[in-house]
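Single-structure report; data block below.
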Amino acid sequence: MEVLRETLEEEGEEEVAKHKEEAEKAEQVETAVKTAKPAEAPKEDTILTPEMLRDLDKKLSETETLVPTESPLFTKETIDTSQLPVSYKTNSPKEEHLLQVADNFSRQYSHLCPDRVPLFLHPLNECEVPKFVSTTIRPTLTPYPELYNWDSCAQFVSDFLTMVPLPDPLKPPAYLYSSTTVLKYQLGNCFDFSTLLCSLLIGSGYDAYCVNGYGSQDLCLMDLTREVCPLTVKPKEVWPDRRQPTVASQRMCVPSTVRHKTSKKEEKPPPKKYAIKPPRDLSSKFEQEQEKKRQMEIRAQEEKRLQEEEERLMEAEKAKPDSLHGLRVHSWVLVLSGKREVPESFFIDPFTARSYSTQDDHFLGIESLWNHKNYWINMQDCWNCCKDLVFDLGDPVRWEYMLLGTDKPHLSLTEEDDIDLNDDDDVENLGKEDEDKSFDMPHSWVEQIEISPEGTKTLEIKKWYQNREDMLELKHINKRTGLNIDYFKPGHPQALRVHSYKSTQPEMDRVMEFYETARVDGLVKREETPKTMTEYYQGRQDFLSYRHINFGPRVKKLTLNSAESNPRPIVKITERFFRNPEKPADEDVAERTFLIAEERIQLRFHCREDHITASKREFLRRTEVDSKGNKIVMAPDMCISFEVEPMEHTKKLLYQYETMMRLKDEEKLSRHQAWESELEVLEILKLREEEEESHTLTISIYDTKRNEKSKEYREAMERVMHEEHMRQVETQLDYLAPFLAQLPPGEKLTRWQAVRLKDECLSDFKQRLIDKANLIQARFERETQELQKKQQWYQENQVTLTAEDEDLYLSYCSQAMFRIRILEQRLNRHKELAPLKYLALEEKLHKDPRLMEYLKVFA
């Protein structure tokens, strides 16, 4: 793209002035917001008309909100260069020679193309040493299979690095850092992104190039607000041969059952002879047509409204005109077709890892491109963006290269070009130019690019599930902390909602949340550590809301040491209760603490609304008898109380004794409930282990093919229906009808006639069995003879047969052997079933009511 330098400088000054003006406006807005007074409320008699509302909406839509953004700093001052190798700080003699060649090339280019911008050849690196751009590319093949393909490689660069905008949007950067420094600080501009991505792609075998060109504002600023969210786009179906199936292949992919069902749907059942005629339709056709027209008008109006709304949204989301359109410098990666089975050349934006066609409107022009071997200048006109560019780097008319020795093939010359090249002056000039360009590219000065496992290490894993019997719908695994969180839908046997844990072993850190409405005890959440267990309740009749249990060290036993047989000793139980409105606050316990090891019980009551403190009471829980067996009497020192408003009945020893006895029973109940909670945790962990091993899926009752119960019921019903159908068929077939037709009508059978009918029926059935066996045997012999003839023909003509003839012969033999095998099986089966069928018919004749009374004598 040819752009005058003066225009660039003027536009750059305008852009800087515009940024300063926007910054001043932002400061003014911020100051006004800080010093603004609250707006006065509208008077009660003020009425907002629709016109006022529209004007207000218009003003609000025209108001621009300035959001100050800060870009991360990534300059040479922020980079530590003390530990960098020598190649970063100095140039080798070969690199110095390359810089001289590049300067000579740049001078010739500026002389021949004075309207073009200066070439981006040797920017400074982080040590302020000029380095040629091609030597900054370090081809690297990473040891990670995930980074072998271009899409995953580009996604890694996009995710791992943070974008830093160019200091001047109209110029290439003055510094181009090494990929090792960019990876270390995880920061870079578009040129740093492209250099790193190009190094990885070339190392993976792609024909990739860094491009210096011009892009749209959205592309340069990584603005994706007007792009379709990738999460809403369905992934394309991937075929094994990477090609879309043809119509024929799509038809072949349709199962035969589907095609059979489709043909069945087209068949109409035959009309029944005695079917009831439907009632006559007495509705007005005119009214139906009017209603249809009205519905069509409503649908048309709705479509028109939706279209207008869509056009309005498209107009609102339309990008504003960019004053620097076509002048914003950007760098991206070009991947040419050929290597790695790339069928067509394409662009990769390193900021977003998205691939674009070379015809895309985001890419407005190309100045130059380079890889690790050479540097090319685009000599084509970019008036139509990049749509008309031909990426044949071997064509010197379209692409001017800097060094000889490129692996790109040269364009074949025509006869006229050969005649022009025969000129002595041109030959001399070409010789000098080739002499300057015949220089091998030095090796890259950048160290080997190494990506730590943390760069590709998975940090979090989320797995979504459906149709699981354990109702698990999401599993969230944090690889850094080792925390696993399982989310369940309603319906789990233990009413689990969320389970957070680091280990599946019992008595470890874990949090269980439950669906409290599905539980009888109203448990909402249970938190467990190796020494504590905390439970939260809701909606209980005893108003319990909280229970905290402290465990002591487990006592070692000689028996099997398990949580069930040897539970952890309970040291302390703390319970809290919601307010019971039916009790006075001084008698309604808010917190109850059982200090089991110290044999004390502490009570704290709810505070009355007109008080600032609550009553407290503590009991010293002693044994009921002493060492001599004497019963201990309640003493005043066994109850210590603080009452906001002392009452007479609370001071009596009988009241204190009864309260302490009741608290002892409640302590036993609390300890039992704590033990049950431990057992429930063990049961849940065991159940979760079984669920994870089985992975049982729930099958709908309407899915009769996979639901075993429905399948068994359906098969039983089909079996019953089949048996009933066979009985009906048997009743409809009268095997004596042909023989009874030979007798005179209306004549009663005699014993001799009945015997003759039976013998004729059996003889006829026997003959039919023999005929069937002979027919199968004849077909078997005919197929065998034809196969033998074919084999004899093959032996005689084997030498002269072509490959196609041999394929036809083998296909015939395969089909013939299949037919012979089937006939042999049918014949063997017929021989096995024929005697059984004969005996079955004989038994039916003896049981036939028309012959039974005459054949009893012969039975």
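The chains in the structure tokens are called A, B, ... from first to last as shown; in each chain the residues are counted from 1, and the ligands are counted from 1 in the order shown.
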**Spatial neighbours of region 163-173 of chain A, 6 Å, only C-alpha atoms, chain gap at least 4 places, as an NGL selection string** = :A and (188-189 or 327-329)
**Message:** Give me the residues near Asp637 (chain A) as a ChimeraX atom specification, where near means some atom within 9 Å (using only C-alpha atoms) and where sequence neighbours in that chain fewer than 3 positions away do not count.
**Reply:** /A:619-620,634,640
What does the file look like for those residues with N, CA and C atoms, as a PDB file, in the first residue's frame?
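What landed in again07.pdb:
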ATOM      1  N   PHE A 619     -23.944 -25.219  84.124  1.00  0.00           N
ATOM      2  CA  PHE A 619     -24.169 -26.349  85.034  1.00  0.00           C
ATOM      3  C   PHE A 619     -22.904 -27.183  85.101  1.00  0.00           C
ATOM      4  N   LEU A 620     -22.590 -27.603  86.310  1.00  0.00           N
ATOM      5  CA  LEU A 620     -21.479 -28.523  86.537  1.00  0.00           C
ATOM      6  C   LEU A 620     -22.060 -29.923  86.564  1.00  0.00           C
ATOM      7  N   MET A 634     -28.347 -32.301  94.585  1.00  0.00           N
ATOM      8  CA  MET A 634     -28.100 -31.058  93.875  1.00  0.00           C
ATOM      9  C   MET A 634     -27.679 -29.976  94.854  1.00  0.00           C
ATOM     10  N   ILE A 640     -24.297 -22.006  88.008  1.00  0.00           N
ATOM     11  CA  ILE A 640     -23.858 -20.611  88.033  1.00  0.00           C
ATOM     12  C   ILE A 640     -24.651 -19.873  86.959  1.00  0.00           C
TER      13      ILE A 640
END
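On the backbone of this structure, DSSP gives alpha helix (DSSP H) within region 310-376 of chain A to Glu310, Glu311, Arg312, Leu313, Met314, Glu315, Ala316 and Glu317 of chain A.
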**Request:** Report as a PyMOL selection string: the residues of region 483-632 of chain A with a DSSP assignment of strand (DSSP E), based on the backbone of this structure.
**Result:** chain A and resi 484-488+496-501+510-514+523-528+532-537+544-551+570-577+589-595+600-605+616-620
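Neighbouring residues of region 520-533 of chain A at 8 Å or closer, counting only C-alpha atoms and skipping chain neighbours under 2 positions away, are A:Glu507, A:Met508, A:Asp509, A:Arg510, A:Val511, A:Met512, A:Glu513, A:Phe514, A:Tyr515, A:Glu516, A:Thr517, A:Ala518, A:Glu535, A:Tyr536, A:Tyr537, A:Gln538, A:Gly539, A:Arg540, A:His548, A:Ile549, A:Asn550, A:Phe551, A:Gly552.
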Go ahead and dump the residues you just picked, N, CA and C atoms, as a PDB file, in the first residue's frame.
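Dumped to result20.pdb:
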ATOM      1  N   GLU A 507     -12.825 -38.273  57.210  1.00  0.00           N
ATOM      2  CA  GLU A 507     -12.193 -37.434  58.228  1.00  0.00           C
ATOM      3  C   GLU A 507     -11.150 -36.495  57.618  1.00  0.00           C
ATOM      4  N   MET A 508     -11.434 -35.995  56.431  1.00  0.00           N
ATOM      5  CA  MET A 508     -10.593 -35.017  55.762  1.00  0.00           C
ATOM      6  C   MET A 508     -11.430 -33.765  55.492  1.00  0.00           C
ATOM      7  N   ASP A 509     -10.769 -32.716  55.007  1.00  0.00           N
ATOM      8  CA  ASP A 509     -11.479 -31.469  54.729  1.00  0.00           C
ATOM      9  C   ASP A 509     -12.472 -31.679  53.593  1.00  0.00           C
ATOM     10  N   ARG A 510     -13.749 -31.331  53.859  1.00  0.00           N
ATOM     11  CA  ARG A 510     -14.786 -31.455  52.854  1.00  0.00           C
ATOM     12  C   ARG A 510     -15.985 -30.617  53.258  1.00  0.00           C
ATOM     13  N   VAL A 511     -16.782 -30.257  52.267  1.00  0.00           N
ATOM     14  CA  VAL A 511     -18.025 -29.502  52.484  1.00  0.00           C
ATOM     15  C   VAL A 511     -19.114 -30.182  51.671  1.00  0.00           C
ATOM     16  N   MET A 512     -20.214 -30.498  52.360  1.00  0.00           N
ATOM     17  CA  MET A 512     -21.371 -31.090  51.702  1.00  0.00           C
ATOM     18  C   MET A 512     -22.563 -30.172  51.873  1.00  0.00           C
ATOM     19  N   GLU A 513     -23.204 -29.847  50.757  1.00  0.00           N
ATOM     20  CA  GLU A 513     -24.429 -29.056  50.782  1.00  0.00           C
ATOM     21  C   GLU A 513     -25.572 -29.938  50.300  1.00  0.00           C
ATOM     22  N   PHE A 514     -26.756 -29.738  50.915  1.00  0.00           N
ATOM     23  CA  PHE A 514     -27.884 -30.619  50.668  1.00  0.00           C
ATOM     24  C   PHE A 514     -29.111 -29.803  50.260  1.00  0.00           C
ATOM     25  N   TYR A 515     -30.045 -30.503  49.629  1.00  0.00           N
ATOM     26  CA  TYR A 515     -31.376 -29.940  49.391  1.00  0.00           C
ATOM     27  C   TYR A 515     -32.180 -30.146  50.670  1.00  0.00           C
ATOM     28  N   GLU A 516     -32.297 -29.075  51.470  1.00  0.00           N
ATOM     29  CA  GLU A 516     -32.870 -29.232  52.808  1.00  0.00           C
ATOM     30  C   GLU A 516     -34.327 -29.649  52.772  1.00  0.00           C
ATOM     31  N   THR A 517     -35.053 -29.271  51.725  1.00  0.00           N
ATOM     32  CA  THR A 517     -36.470 -29.644  51.661  1.00  0.00           C
ATOM     33  C   THR A 517     -36.656 -31.130  51.395  1.00  0.00           C
ATOM     34  N   ALA A 518     -35.624 -31.790  50.884  1.00  0.00           N
ATOM     35  CA  ALA A 518     -35.716 -33.224  50.609  1.00  0.00           C
ATOM     36  C   ALA A 518     -35.255 -34.067  51.791  1.00  0.00           C
ATOM     37  N   GLU A 535     -22.445 -28.306  61.216  1.00  0.00           N
ATOM     38  CA  GLU A 535     -23.667 -28.548  60.467  1.00  0.00           C
ATOM     39  C   GLU A 535     -24.588 -27.346  60.589  1.00  0.00           C
ATOM     40  N   TYR A 536     -25.284 -27.044  59.470  1.00  0.00           N
ATOM     41  CA  TYR A 536     -26.218 -25.924  59.427  1.00  0.00           C
ATOM     42  C   TYR A 536     -27.596 -26.474  59.055  1.00  0.00           C
ATOM     43  N   TYR A 537     -28.606 -26.038  59.812  1.00  0.00           N
ATOM     44  CA  TYR A 537     -29.963 -26.546  59.624  1.00  0.00           C
ATOM     45  C   TYR A 537     -30.918 -25.402  59.324  1.00  0.00           C
ATOM     46  N   GLN A 538     -32.076 -25.798  58.816  1.00  0.00           N
ATOM     47  CA  GLN A 538     -33.106 -24.820  58.519  1.00  0.00           C
ATOM     48  C   GLN A 538     -34.458 -25.517  58.493  1.00  0.00           C
ATOM     49  N   GLY A 539     -35.463 -24.834  59.087  1.00  0.00           N
ATOM     50  CA  GLY A 539     -36.830 -25.338  59.039  1.00  0.00           C
ATOM     51  C   GLY A 539     -37.098 -26.501  59.970  1.00  0.00           C
ATOM     52  N   ARG A 540     -36.385 -26.622  61.089  1.00  0.00           N
ATOM     53  CA  ARG A 540     -36.606 -27.704  62.034  1.00  0.00           C
ATOM     54  C   ARG A 540     -37.633 -27.291  63.081  1.00  0.00           C
ATOM     55  N   HIS A 548     -21.797 -27.515  66.084  1.00  0.00           N
ATOM     56  CA  HIS A 548     -20.353 -27.609  65.888  1.00  0.00           C
ATOM     57  C   HIS A 548     -19.806 -28.643  66.859  1.00  0.00           C
ATOM     58  N   ILE A 549     -19.052 -29.618  66.309  1.00  0.00           N
ATOM     59  CA  ILE A 549     -18.554 -30.745  67.099  1.00  0.00           C
ATOM     60  C   ILE A 549     -17.041 -30.726  67.033  1.00  0.00           C
ATOM     61  N   ASN A 550     -16.394 -30.772  68.188  1.00  0.00           N
ATOM     62  CA  ASN A 550     -14.939 -30.885  68.299  1.00  0.00           C
ATOM     63  C   ASN A 550     -14.586 -32.295  68.731  1.00  0.00           C
ATOM     64  N   PHE A 551     -13.658 -32.929  67.984  1.00  0.00           N
ATOM     65  CA  PHE A 551     -13.248 -34.292  68.267  1.00  0.00           C
ATOM     66  C   PHE A 551     -11.856 -34.293  68.879  1.00  0.00           C
ATOM     67  N   GLY A 552     -11.606 -35.291  69.722  1.00  0.00           N
ATOM     68  CA  GLY A 552     -10.297 -35.485  70.314  1.00  0.00           C
ATOM     69  C   GLY A 552      -9.552 -36.600  69.610  1.00  0.00           C
TER      70      GLY A 552
END
**Request:** Tell me which of A:Arg576, A:Leu757, A:Thr135, A:Phe765 sits closest to Ala741 (chain A), counting only C-alpha atoms.
**Result:** A:Leu757
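Distances here use only C-alpha atoms; by that measure, the residue among A:Val335, A:Ala585, A:Ile684, A:Ile776 closest to Gln494 (chain A) is A:Ile684.
Shortest atom-to-atom contact with Ala319 (chain A) among A:Leu762, A:Leu224, A:Ala778, A:Ile612: A:Leu224, counting only C-alpha atoms.
Restricting the calculation to only C-alpha atoms, the smallest distance between Ser216 (chain A) and any of A:Pro396, A:Gly365, A:Pro350, A:Pro130 is found for A:Gly365.
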**Message:** I'd like to know which of A:Asp805, A:Lys758, A:Arg579, A:Asp588 is closest to Glu843 (chain A), using only C-alpha atoms.
**Reply:** A:Lys758
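If only C-alpha atoms are the atoms counted, then among A:Gln742, A:Ser158, A:Ser694, A:Ser545 the closest residue to Ala590 (chain A) is A:Ser545.
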**Request:** May I have the residues within 9 Å of region 387-393 of chain A as a VMD selection string, using only C-alpha atoms and disregarding those fewer than 4 positions away in the same chain?
**Result:** chain A and resid 336 345 358 to 361 363 to 364 376 378 380 to 383 398 to 401 408 to 411
Would you mind exporting the chosen residues as a PDB file, in the first residue's frame, restricted to C-alpha atoms?
ATOM      1  CA  LEU A 336       0.977 -20.699   2.691  1.00  0.00           C
ATOM      2  CA  SER A 345      -3.293 -20.079   2.177  1.00  0.00           C
ATOM      3  CA  THR A 358      -6.717 -13.861   2.445  1.00  0.00           C
ATOM      4  CA  GLN A 359      -9.768 -12.075   1.005  1.00  0.00           C
ATOM      5  CA  ASP A 360     -10.986 -10.802   4.402  1.00  0.00           C
ATOM      6  CA  ASP A 361     -11.790  -7.095   4.734  1.00  0.00           C
ATOM      7  CA  PHE A 363      -6.592  -6.909   6.281  1.00  0.00           C
ATOM      8  CA  LEU A 364      -6.110  -3.679   4.301  1.00  0.00           C
ATOM      9  CA  TRP A 376      10.108 -10.068   0.712  1.00  0.00           C
ATOM     10  CA  ASN A 378       5.099  -6.560  -1.710  1.00  0.00           C
ATOM     11  CA  GLN A 380       1.516  -5.321  -5.858  1.00  0.00           C
ATOM     12  CA  ASP A 381      -1.141  -2.623  -5.578  1.00  0.00           C
ATOM     13  CA  CYS A 382      -3.348  -2.899  -2.488  1.00  0.00           C
ATOM     14  CA  TRP A 383      -6.139  -0.615  -3.676  1.00  0.00           C
ATOM     15  CA  ARG A 398       5.078  -9.251  -7.412  1.00  0.00           C
ATOM     16  CA  TRP A 399       7.509  -9.920  -4.560  1.00  0.00           C
ATOM     17  CA  GLU A 400      10.967  -8.377  -4.360  1.00  0.00           C
ATOM     18  CA  TYR A 401      13.262 -10.544  -2.247  1.00  0.00           C
ATOM     19  CA  LYS A 408      10.685 -20.473  -3.373  1.00  0.00           C
ATOM     20  CA  PRO A 409      10.633 -21.409  -7.116  1.00  0.00           C
ATOM     21  CA  HIS A 410      11.238 -18.605  -9.557  1.00  0.00           C
ATOM     22  CA  LEU A 411       8.539 -17.638 -11.990  1.00  0.00           C
TER      23      LEU A 411
END
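Taking CA of Asn467 (chain A) and CA of Asn484 (chain A) as the two end points, the separation is 20.8 Å.
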**Asked** What lies within 12 Å of Lys844 (chain A) using only C-alpha atoms, ignoring chain neighbours under 4 positions off, as a PyMOL selection string?
**Response** chain A and resi 730-731+734-736+758+761-762+837-840+848-852+855
**Asked** Which distance in Å separates CA of Arg468 (chain A) and CA of Thr696 (chain A), to one decimal?
**Response** 6.2 Å
**Nearby residues (only C-alpha atoms) at most 12 Å from Asp322 (chain A), same-chain spacing under 2 positions excluded, as a ChimeraX atom specification** = /A:11,15,215-218,318-320,324-328
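Note that the spacing between CA of Lys651 (chain A) and CA of Arg608 (chain A) amounts to 20.4 Å.
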